[in-house]
$ cat start-v8.pdb   # PDB, C-alpha atoms, pLDDT in the B column
ATOM      1  CA  MET A   1     133.186 195.588 163.137  1.00 64.00           C
ATOM      2  CA  ASN A   2     130.607 192.885 163.741  1.00 72.00           C
ATOM      3  CA  ALA A   3     132.475 190.085 162.033  1.00 70.00           C
ATOM      4  CA  SER A   4     135.808 188.682 163.147  1.00 72.00           C
ATOM      5  CA  GLU A   5     138.015 185.646 162.610  1.00 71.00           C
ATOM      6  CA  LYS A   6     139.990 183.851 165.295  1.00 72.00           C
ATOM      7  CA  GLY A   7     141.499 180.365 165.433  1.00 71.00           C
ATOM      8  CA  GLY A   8     139.829 179.179 162.265  1.00 77.00           C
ATOM      9  CA  LYS A   9     136.446 180.246 163.584  1.00 85.00           C
ATOM     10  CA  VAL A  10     134.448 183.200 162.352  1.00 89.00           C
ATOM     11  CA  THR A  11     132.211 185.177 164.654  1.00 91.00           C
ATOM     12  CA  VAL A  12     129.410 187.520 163.682  1.00 91.00           C
ATOM     13  CA  LYS A  13     127.304 189.594 166.047  1.00 92.00           C
ATOM     14  CA  LEU A  14     123.722 190.277 165.064  1.00 94.00           C
ATOM     15  CA  ARG A  15     121.583 192.700 167.031  1.00 94.00           C
ATOM     16  CA  LYS A  16     118.499 190.960 168.465  1.00 93.00           C
ATOM     17  CA  GLU A  17     116.174 193.857 167.680  1.00 93.00           C
ATOM     18  CA  LEU A  18     117.188 193.870 164.012  1.00 94.00           C
ATOM     19  CA  TYR A  19     117.470 190.141 163.361  1.00 94.00           C
ATOM     20  CA  PRO A  20     114.430 188.113 164.537  1.00 93.00           C
ATOM     21  CA  GLU A  21     115.497 185.009 166.449  1.00 93.00           C
ATOM     22  CA  ARG A  22     113.314 182.585 164.481  1.00 93.00           C
ATOM     23  CA  ILE A  23     114.901 183.811 161.227  1.00 94.00           C
ATOM     24  CA  VAL A  24     118.423 183.479 162.675  1.00 94.00           C
ATOM     25  CA  ASP A  25     117.565 179.962 163.887  1.00 94.00           C
ATOM     26  CA  ALA A  26     116.202 179.026 160.473  1.00 93.00           C
ATOM     27  CA  ALA A  27     119.398 180.290 158.819  1.00 94.00           C
ATOM     28  CA  LEU A  28     121.562 178.406 161.341  1.00 94.00           C
ATOM     29  CA  LYS A  29     119.601 175.223 160.729  1.00 93.00           C
ATOM     30  CA  GLU A  30     120.231 175.502 156.997  1.00 92.00           C
ATOM     31  CA  VAL A  31     123.906 176.510 157.244  1.00 91.00           C
ATOM     32  CA  GLY A  32     124.450 173.891 159.973  1.00 90.00           C
ATOM     33  CA  LYS A  33     123.864 171.151 157.398  1.00 90.00           C
ATOM     34  CA  ASN A  34     127.255 171.970 155.849  1.00 87.00           C
ATOM     35  CA  ILE A  35     129.424 173.543 158.535  1.00 89.00           C
ATOM     36  CA  GLU A  36     129.704 173.671 162.315  1.00 90.00           C
ATOM     37  CA  VAL A  37     127.652 176.521 163.813  1.00 91.00           C
ATOM     38  CA  ARG A  38     126.912 177.819 167.301  1.00 92.00           C
ATOM     39  CA  LYS A  39     124.613 180.522 168.654  1.00 93.00           C
ATOM     40  CA  GLU A  40     125.068 182.364 171.941  1.00 93.00           C
ATOM     41  CA  GLU A  41     123.215 185.298 173.420  1.00 92.00           C
ATOM     42  CA  LYS A  42     125.418 188.160 174.573  1.00 91.00           C
ATOM     43  CA  GLY A  43     123.422 191.091 175.840  1.00 91.00           C
ATOM     44  CA  LYS A  44     121.652 192.711 172.919  1.00 92.00           C
ATOM     45  CA  TYR A  45     123.381 190.493 170.386  1.00 93.00           C
ATOM     46  CA  PHE A  46     123.302 186.974 169.025  1.00 93.00           C
ATOM     47  CA  LYS A  47     126.881 185.788 168.794  1.00 93.00           C
ATOM     48  CA  ILE A  48     127.092 183.369 165.901  1.00 93.00           C
ATOM     49  CA  THR A  49     130.198 181.257 165.547  1.00 92.00           C
ATOM     50  CA  LEU A  50     130.852 179.520 162.262  1.00 91.00           C
ATOM     51  CA  LYS A  51     133.611 177.036 161.587  1.00 89.00           C
ATOM     52  CA  PRO A  52     134.407 177.082 157.871  1.00 86.00           C
ATOM     53  CA  ARG A  53     135.972 174.096 156.132  1.00 83.00           C
ATOM     54  CA  SER A  54     138.816 176.099 154.563  1.00 81.00           C
ATOM     55  CA  LYS A  55     140.655 179.403 155.054  1.00 77.00           C
ATOM     56  CA  LYS A  56     139.410 180.624 151.695  1.00 75.00           C
ATOM     57  CA  GLU A  57     135.852 179.969 152.784  1.00 76.00           C
ATOM     58  CA  ALA A  58     136.473 181.860 156.048  1.00 76.00           C
ATOM     59  CA  GLU A  59     137.107 185.137 154.253  1.00 72.00           C
ATOM     60  CA  ASN A  60     133.548 186.225 153.759  1.00 83.00           C
ATOM     61  CA  ILE A  61     131.506 183.540 155.479  1.00 88.00           C
ATOM     62  CA  ALA A  62     130.276 185.863 158.235  1.00 88.00           C
ATOM     63  CA  PHE A  63     129.051 188.377 155.671  1.00 90.00           C
ATOM     64  CA  GLU A  64     127.546 185.615 153.562  1.00 92.00           C
ATOM     65  CA  PHE A  65     125.682 184.406 156.623  1.00 93.00           C
ATOM     66  CA  SER A  66     124.337 187.875 157.480  1.00 93.00           C
ATOM     67  CA  ASN A  67     123.267 188.331 153.838  1.00 94.00           C
ATOM     68  CA  TYR A  68     121.466 184.995 154.008  1.00 94.00           C
ATOM     69  CA  VAL A  69     119.647 186.055 157.181  1.00 95.00           C
ATOM     70  CA  LEU A  70     118.654 189.352 155.502  1.00 94.00           C
ATOM     71  CA  SER A  71     117.301 187.514 152.483  1.00 94.00           C
ATOM     72  CA  LEU A  72     115.271 185.248 154.781  1.00 94.00           C
ATOM     73  CA  ILE A  73     113.877 188.288 156.625  1.00 92.00           C
ATOM     74  CA  LYS A  74     112.773 189.810 153.341  1.00 87.00           C
ATOM     75  CA  ARG A  75     111.217 186.589 152.057  1.00 84.00           C
ATOM     76  CA  THR A  76     109.506 185.540 155.273  1.00 80.00           C
ATOM     77  CA  PRO A  77     106.149 187.167 156.027  1.00 70.00           C
ATOM     78  CA  PHE A  78     105.989 188.674 159.530  1.00 57.00           C
TER      79      PHE A  78
ATOM     80  CA  MET B   1     129.406 212.766 153.700  1.00 65.00           C
ATOM     81  CA  LYS B   2     127.965 212.874 157.184  1.00 82.00           C
ATOM     82  CA  ASN B   3     125.806 209.759 156.911  1.00 88.00           C
ATOM     83  CA  ILE B   4     128.313 207.686 154.962  1.00 92.00           C
ATOM     84  CA  GLU B   5     131.591 206.716 156.573  1.00 92.00           C
ATOM     85  CA  LEU B   6     133.957 205.326 153.943  1.00 93.00           C
ATOM     86  CA  LYS B   7     136.690 202.850 154.841  1.00 92.00           C
ATOM     87  CA  PRO B   8     138.456 202.107 151.543  1.00 92.00           C
ATOM     88  CA  ARG B   9     141.314 200.182 153.211  1.00 92.00           C
ATOM     89  CA  GLU B  10     138.807 197.693 154.607  1.00 90.00           C
ATOM     90  CA  ASN B  11     136.747 197.937 151.412  1.00 91.00           C
ATOM     91  CA  LEU B  12     133.569 198.914 153.260  1.00 92.00           C
ATOM     92  CA  ALA B  13     131.273 201.760 154.163  1.00 94.00           C
ATOM     93  CA  VAL B  14     129.205 202.389 157.272  1.00 95.00           C
ATOM     94  CA  ILE B  15     125.909 204.038 156.411  1.00 95.00           C
ATOM     95  CA  SER B  16     123.868 205.736 159.115  1.00 95.00           C
ATOM     96  CA  VAL B  17     120.127 205.613 158.714  1.00 94.00           C
ATOM     97  CA  ASN B  18     117.571 207.419 160.857  1.00 93.00           C
ATOM     98  CA  PRO B  19     114.831 204.861 161.662  1.00 93.00           C
ATOM     99  CA  LYS B  20     112.355 207.694 162.185  1.00 93.00           C
ATOM    100  CA  VAL B  21     112.797 208.647 158.517  1.00 93.00           C
ATOM    101  CA  PHE B  22     113.185 205.168 157.018  1.00 93.00           C
ATOM    102  CA  ALA B  23     111.290 202.276 158.571  1.00 91.00           C
ATOM    103  CA  LEU B  24     113.134 199.045 159.362  1.00 92.00           C
ATOM    104  CA  GLU B  25     111.142 197.233 156.688  1.00 91.00           C
ATOM    105  CA  VAL B  26     112.394 199.766 154.116  1.00 93.00           C
ATOM    106  CA  ILE B  27     116.013 199.255 155.232  1.00 94.00           C
ATOM    107  CA  TYR B  28     115.649 195.468 154.832  1.00 94.00           C
ATOM    108  CA  ALA B  29     114.174 195.952 151.353  1.00 93.00           C
ATOM    109  CA  ALA B  30     116.911 198.358 150.234  1.00 94.00           C
ATOM    110  CA  ALA B  31     119.633 195.985 151.434  1.00 95.00           C
ATOM    111  CA  TYR B  32     117.877 193.037 149.786  1.00 94.00           C
ATOM    112  CA  VAL B  33     118.063 194.744 146.376  1.00 94.00           C
ATOM    113  CA  LEU B  34     121.843 195.146 146.671  1.00 95.00           C
ATOM    114  CA  LEU B  35     122.585 191.725 148.166  1.00 94.00           C
ATOM    115  CA  ASP B  36     124.241 190.591 144.934  1.00 94.00           C
ATOM    116  CA  LYS B  37     126.668 193.547 144.958  1.00 94.00           C
ATOM    117  CA  ALA B  38     127.588 193.859 148.620  1.00 95.00           C
ATOM    118  CA  TYR B  39     127.429 192.250 152.052  1.00 95.00           C
ATOM    119  CA  PHE B  40     125.291 193.946 154.671  1.00 95.00           C
ATOM    120  CA  ILE B  41     125.304 193.797 158.448  1.00 94.00           C
ATOM    121  CA  LEU B  42     122.808 195.901 160.365  1.00 94.00           C
ATOM    122  CA  ASP B  43     123.611 197.293 163.783  1.00 93.00           C
ATOM    123  CA  GLY B  44     122.684 200.167 166.065  1.00 92.00           C
ATOM    124  CA  ASP B  45     119.660 201.157 168.055  1.00 91.00           C
ATOM    125  CA  PRO B  46     116.432 200.711 166.055  1.00 90.00           C
ATOM    126  CA  GLU B  47     114.939 203.634 167.983  1.00 91.00           C
ATOM    127  CA  GLU B  48     117.818 206.070 167.485  1.00 91.00           C
ATOM    128  CA  GLU B  49     120.167 205.203 164.649  1.00 93.00           C
ATOM    129  CA  ILE B  50     120.711 202.137 162.478  1.00 94.00           C
ATOM    130  CA  LYS B  51     124.225 201.568 161.182  1.00 95.00           C
ATOM    131  CA  VAL B  52     124.472 199.572 158.002  1.00 95.00           C
ATOM    132  CA  THR B  53     127.879 198.071 157.315  1.00 94.00           C
ATOM    133  CA  MET B  54     128.179 197.591 153.585  1.00 95.00           C
ATOM    134  CA  LYS B  55     131.092 195.605 152.182  1.00 94.00           C
ATOM    135  CA  PRO B  56     131.232 195.329 148.375  1.00 95.00           C
ATOM    136  CA  LYS B  57     131.793 191.780 147.167  1.00 93.00           C
ATOM    137  CA  LYS B  58     134.557 192.974 144.799  1.00 92.00           C
ATOM    138  CA  LYS B  59     137.460 195.233 145.727  1.00 91.00           C
ATOM    139  CA  MET B  60     136.384 198.790 144.940  1.00 92.00           C
ATOM    140  CA  GLN B  61     137.861 202.281 144.859  1.00 92.00           C
ATOM    141  CA  LYS B  62     136.717 204.880 147.376  1.00 92.00           C
ATOM    142  CA  ASN B  63     134.474 206.658 144.881  1.00 92.00           C
ATOM    143  CA  GLU B  64     132.910 203.359 143.792  1.00 94.00           C
ATOM    144  CA  ILE B  65     132.130 202.433 147.395  1.00 94.00           C
ATOM    145  CA  GLU B  66     130.561 205.858 147.880  1.00 94.00           C
ATOM    146  CA  GLU B  67     128.530 205.392 144.708  1.00 94.00           C
ATOM    147  CA  LEU B  68     127.223 202.063 145.983  1.00 95.00           C
ATOM    148  CA  ALA B  69     126.387 203.610 149.365  1.00 95.00           C
ATOM    149  CA  LEU B  70     124.458 206.369 147.581  1.00 95.00           C
ATOM    150  CA  LYS B  71     122.661 203.704 145.575  1.00 95.00           C
ATOM    151  CA  PHE B  72     121.618 202.187 148.886  1.00 95.00           C
ATOM    152  CA  TYR B  73     120.131 205.568 149.844  1.00 94.00           C
ATOM    153  CA  ASP B  74     118.353 205.692 146.471  1.00 95.00           C
ATOM    154  CA  GLU B  75     116.803 202.321 147.251  1.00 95.00           C
ATOM    155  CA  LEU B  76     115.720 203.578 150.685  1.00 95.00           C
ATOM    156  CA  ILE B  77     113.831 206.430 149.030  1.00 95.00           C
ATOM    157  CA  ASN B  78     112.474 204.120 146.345  1.00 94.00           C
ATOM    158  CA  TYR B  79     111.019 201.693 148.897  1.00 93.00           C
ATOM    159  CA  SER B  80     109.741 204.467 151.131  1.00 93.00           C
ATOM    160  CA  MET B  81     107.782 205.744 148.145  1.00 93.00           C
ATOM    161  CA  TYR B  82     106.482 202.234 147.500  1.00 92.00           C
ATOM    162  CA  VAL B  83     105.330 201.896 151.126  1.00 90.00           C
ATOM    163  CA  VAL B  84     103.581 205.286 151.005  1.00 90.00           C
ATOM    164  CA  GLN B  85     101.831 204.423 147.731  1.00 91.00           C
ATOM    165  CA  ALA B  86     100.846 200.997 149.084  1.00 89.00           C
ATOM    166  CA  ALA B  87      99.269 202.690 152.128  1.00 88.00           C
ATOM    167  CA  ARG B  88      97.400 205.123 149.882  1.00 89.00           C
ATOM    168  CA  ASN B  89      96.086 202.367 147.606  1.00 89.00           C
ATOM    169  CA  GLN B  90      95.177 200.050 150.458  1.00 87.00           C
ATOM    170  CA  ALA B  91      91.451 200.820 150.282  1.00 88.00           C
ATOM    171  CA  VAL B  92      91.353 200.210 146.518  1.00 88.00           C
ATOM    172  CA  ARG B  93      93.268 196.931 146.832  1.00 87.00           C
ATOM    173  CA  GLU B  94      90.935 195.750 149.571  1.00 88.00           C
ATOM    174  CA  ALA B  95      87.922 196.585 147.424  1.00 88.00           C
ATOM    175  CA  ILE B  96      89.370 194.565 144.529  1.00 89.00           C
ATOM    176  CA  ILE B  97      90.099 191.598 146.796  1.00 87.00           C
ATOM    177  CA  LYS B  98      86.599 191.746 148.291  1.00 85.00           C
ATOM    178  CA  ARG B  99      85.168 191.724 144.784  1.00 84.00           C
ATOM    179  CA  ALA B 100      87.314 188.732 143.849  1.00 83.00           C
ATOM    180  CA  PHE B 101      86.119 186.828 146.922  1.00 82.00           C
ATOM    181  CA  ALA B 102      82.529 187.782 146.178  1.00 81.00           C
ATOM    182  CA  THR B 103      82.926 186.179 142.725  1.00 75.00           C
ATOM    183  CA  ASN B 104      84.007 182.948 144.390  1.00 67.00           C
ATOM    184  CA  LEU B 105      80.905 183.089 146.574  1.00 65.00           C
ATOM    185  CA  ALA B 106      78.672 182.661 143.497  1.00 60.00           C
ATOM    186  CA  GLY B 107      78.253 178.979 144.419  1.00 60.00           C
ATOM    187  CA  ASP B 108      76.974 179.955 147.854  1.00 61.00           C
ATOM    188  CA  ILE B 109      74.500 182.405 146.335  1.00 61.00           C
ATOM    189  CA  ALA B 110      73.210 179.635 144.024  1.00 63.00           C
ATOM    190  CA  ALA B 111      72.804 177.376 147.054  1.00 64.00           C
ATOM    191  CA  GLU B 112      70.898 180.144 148.812  1.00 62.00           C
ATOM    192  CA  ARG B 113      68.633 180.561 145.792  1.00 63.00           C
ATOM    193  CA  ASN B 114      68.102 176.805 145.711  1.00 64.00           C
ATOM    194  CA  SER B 115      67.042 176.782 149.332  1.00 61.00           C
ATOM    195  CA  TYR B 116      64.711 179.688 148.537  1.00 60.00           C
ATOM    196  CA  SER B 117      63.114 177.731 145.676  1.00 60.00           C
ATOM    197  CA  LYS B 118      62.739 174.746 148.010  1.00 59.00           C
ATOM    198  CA  GLY B 119      60.890 176.999 150.388  1.00 59.00           C
ATOM    199  CA  TYR B 120      58.816 178.288 147.530  1.00 60.00           C
ATOM    200  CA  SER B 121      57.823 174.753 146.448  1.00 60.00           C
ATOM    201  CA  HIS B 122      57.018 173.978 150.057  1.00 64.00           C
ATOM    202  CA  THR B 123      54.619 176.940 150.070  1.00 69.00           C
ATOM    203  CA  LEU B 124      53.030 175.681 146.858  1.00 67.00           C
ATOM    204  CA  LYS B 125      52.367 172.277 148.448  1.00 71.00           C
ATOM    205  CA  GLU B 126      50.716 173.975 151.386  1.00 75.00           C
ATOM    206  CA  LYS B 127      48.600 176.023 149.002  1.00 70.00           C
ATOM    207  CA  ALA B 128      47.618 172.889 147.088  1.00 72.00           C
ATOM    208  CA  GLU B 129      46.567 171.229 150.337  1.00 75.00           C
ATOM    209  CA  GLU B 130      44.405 174.248 151.127  1.00 73.00           C
ATOM    210  CA  ILE B 131      42.542 174.208 147.824  1.00 72.00           C
ATOM    211  CA  LYS B 132      42.278 170.423 147.626  1.00 72.00           C
ATOM    212  CA  MET B 133      38.646 169.372 147.329  1.00 67.00           C
ATOM    213  CA  LYS B 134      37.171 167.101 149.907  1.00 68.00           C
ATOM    214  CA  GLU B 135      36.565 163.438 149.050  1.00 67.00           C
ATOM    215  CA  GLU B 136      32.765 163.773 149.066  1.00 65.00           C
ATOM    216  CA  ASN B 137      32.852 166.769 146.738  1.00 66.00           C
ATOM    217  CA  LEU B 138      34.781 164.818 144.077  1.00 66.00           C
ATOM    218  CA  TYR B 139      31.640 162.856 143.064  1.00 68.00           C
ATOM    219  CA  ILE B 140      28.787 164.735 141.498  1.00 69.00           C
ATOM    220  CA  ASP B 141      25.483 163.471 140.100  1.00 76.00           C
ATOM    221  CA  ASP B 142      25.585 162.529 136.422  1.00 76.00           C
ATOM    222  CA  PRO B 143      22.137 161.198 135.465  1.00 78.00           C
ATOM    223  CA  LYS B 144      22.758 161.400 131.655  1.00 79.00           C
ATOM    224  CA  GLY B 145      26.208 159.820 131.863  1.00 74.00           C
ATOM    225  CA  ILE B 146      28.004 162.804 130.342  1.00 74.00           C
ATOM    226  CA  ALA B 147      30.870 162.633 132.743  1.00 71.00           C
ATOM    227  CA  LYS B 148      31.794 159.090 131.743  1.00 70.00           C
ATOM    228  CA  PRO B 149      34.950 158.977 129.618  1.00 69.00           C
ATOM    229  CA  TRP B 150      34.672 157.575 126.083  1.00 69.00           C
ATOM    230  CA  THR B 151      36.743 154.495 125.318  1.00 71.00           C
ATOM    231  CA  PRO B 152      36.825 152.231 122.204  1.00 67.00           C
ATOM    232  CA  GLU B 153      35.591 149.312 124.332  1.00 67.00           C
ATOM    233  CA  LYS B 154      32.438 151.217 125.171  1.00 66.00           C
ATOM    234  CA  ALA B 155      31.937 152.047 121.477  1.00 64.00           C
ATOM    235  CA  LYS B 156      31.415 148.401 120.560  1.00 66.00           C
ATOM    236  CA  GLY B 157      27.997 147.829 119.154  1.00 66.00           C
ATOM    237  CA  LEU B 158      27.403 151.513 118.356  1.00 67.00           C
ATOM    238  CA  LYS B 159      27.023 152.830 114.832  1.00 67.00           C
ATOM    239  CA  ASN B 160      30.196 154.308 113.372  1.00 66.00           C
ATOM    240  CA  PRO B 161      29.118 157.363 111.361  1.00 63.00           C
ATOM    241  CA  PHE B 162      32.357 157.562 109.328  1.00 63.00           C
ATOM    242  CA  LYS B 163      32.239 153.906 108.344  1.00 62.00           C
ATOM    243  CA  SER B 164      28.680 154.112 107.095  1.00 56.00           C
ATOM    244  CA  GLU B 165      29.418 157.267 105.029  1.00 53.00           C
ATOM    245  CA  LYS B 166      32.197 155.435 103.200  1.00 51.00           C
ATOM    246  CA  ASN B 167      29.890 152.514 102.385  1.00 52.00           C
ATOM    247  CA  GLU B 168      27.278 154.861 100.977  1.00 51.00           C
ATOM    248  CA  CYS B 169      29.802 156.424  98.587  1.00 49.00           C
ATOM    249  CA  LYS B 170      30.663 153.041  97.146  1.00 45.00           C
TER     250      LYS B 170
END

$ encode --input "start-v8.pdb" --output "structure tokens"
Amino acid sequence: MNASEKGGKVTVKLRKELYPERIVDAALKEVGKNIEVRKEEKGKYFKITLKPRSKKEAENIAFEFSNYVLSLIKRTPF
Amino acid sequence: MKNIELKPRENLAVISVNPKVFALEVIYAAAYVLLDKAYFILDGDPEEEIKVTMKPKKKMQKNEIEELALKFYDELINYSMYVVQAARNQAVREAIIKRAFATNLAGDIAAERNSYSKGYSHTLKEKAEEIKMKEENLYIDDPKGIAKPWTPEKAKGLKNPFKSEKNECK
């Protein structure tokens, strides 16, 4: 599973070859306006750490983030 | 099903897609269509096998998750067809776009014509210079004064034939 929750922080791993870095950065910039975010590079993956404001928000935030990145990929011309 | 791994306890399905059959662009498009129904995370080797983790936004039964996964496959085929058709119609679309741009170039064509007419008028001036008579040829002998223009001032003192006719009638 590419999304996990630990210590109030949610981590999602996105494969570099499938998620263009500039799109991930753009998504992080937007999401970072509301919550704490961090990006690390681990091998073939971008490790994105998100710190949601509540436990309820933490439930699907990783998936919401990946969906947001996908929508940006689709809307952004290559 | 071999390409769909259902995990009803976790409320998700892992869908395997062969990138040699469905291009990455098609996979993005298919996922994009279903973004309102499920969460998607793509993983795997883009050269060998792409694994799409699909998690429905609402809690679903096993058969419902499978149905949604199959819908994802439907969308893959749908967008593949679109890409193929787009490639086939590319030449026609380009022709239409070229035509549209050519219409916008009408102003340029008018400018070109204008420059042509300027050139044409320039040629006319040259021609006029060529056929222009020399200064000395403009004056010719007129011993009987025929060439002199008639003006009312010059008519003073001359007999007016119309005036005299009227007087005779009275």

$ interface_residues --input "start-v8.pdb" --of "chain A" --to "chain B" --cutoff "12 Å" --atoms "only C-alpha atoms" --output "VMD selection string"
chain A and resid 1 to 3 12 to 19 44 to 46 59 to 78

$ atom_distance --input "start-v8.pdb" --atom1 "atom CA of B:Glu67" --atom2 "atom CA of B:Ala86"
28.4 Å

$ resolve_selection --input "start-v8.pdb" --expression "the PyMOL selection byres ((chain B and resi 2) around 10)" --output "count of residues only"
6

$ residues_around --input "start-v8.pdb" --residues "A:Leu50" --least-positions-apart "2" --cutoff "10 Å" --atoms "all atoms listed in the file" --output "number ranges by chain"
A: 5, 8-12, 28, 31-32, 35-39, 47-48, 52-53, 58, 61-62, 65

$ atom_distance --input "start-v8.pdb" --atom1 "atom CA of B:Asn18" --atom2 "atom CA of B:Glu49"
5.1 Å

$ atom_distance --input "start-v8.pdb" --atom1 "atom CA of B:Ala23" --atom2 "atom CA of B:Asn78"
12.4 Å

$ closest_residue --input "start-v8.pdb" --among "A:Thr49, A:Gly43, A:Asp25, A:Lys33" --to "A:Gly7" --atoms "all atoms listed in the file"
A:Thr49

$ closest_residue --input "start-v8.pdb" --among "B:Arg99, B:Lys20, B:Lys37, B:Lys51" --to "B:Leu68" --atoms "all atoms listed in the file"
B:Lys37

$ axis_aligned_box --input "start-v8.pdb" --around "stretch 39-44 of chain B" --padding-each-side "6 Å" --output "JSON"
{"center_x": 125.1, "center_y": 196.2, "center_z": 159.1, "size_x": 16.7, "size_y": 19.9, "size_z": 26.0}
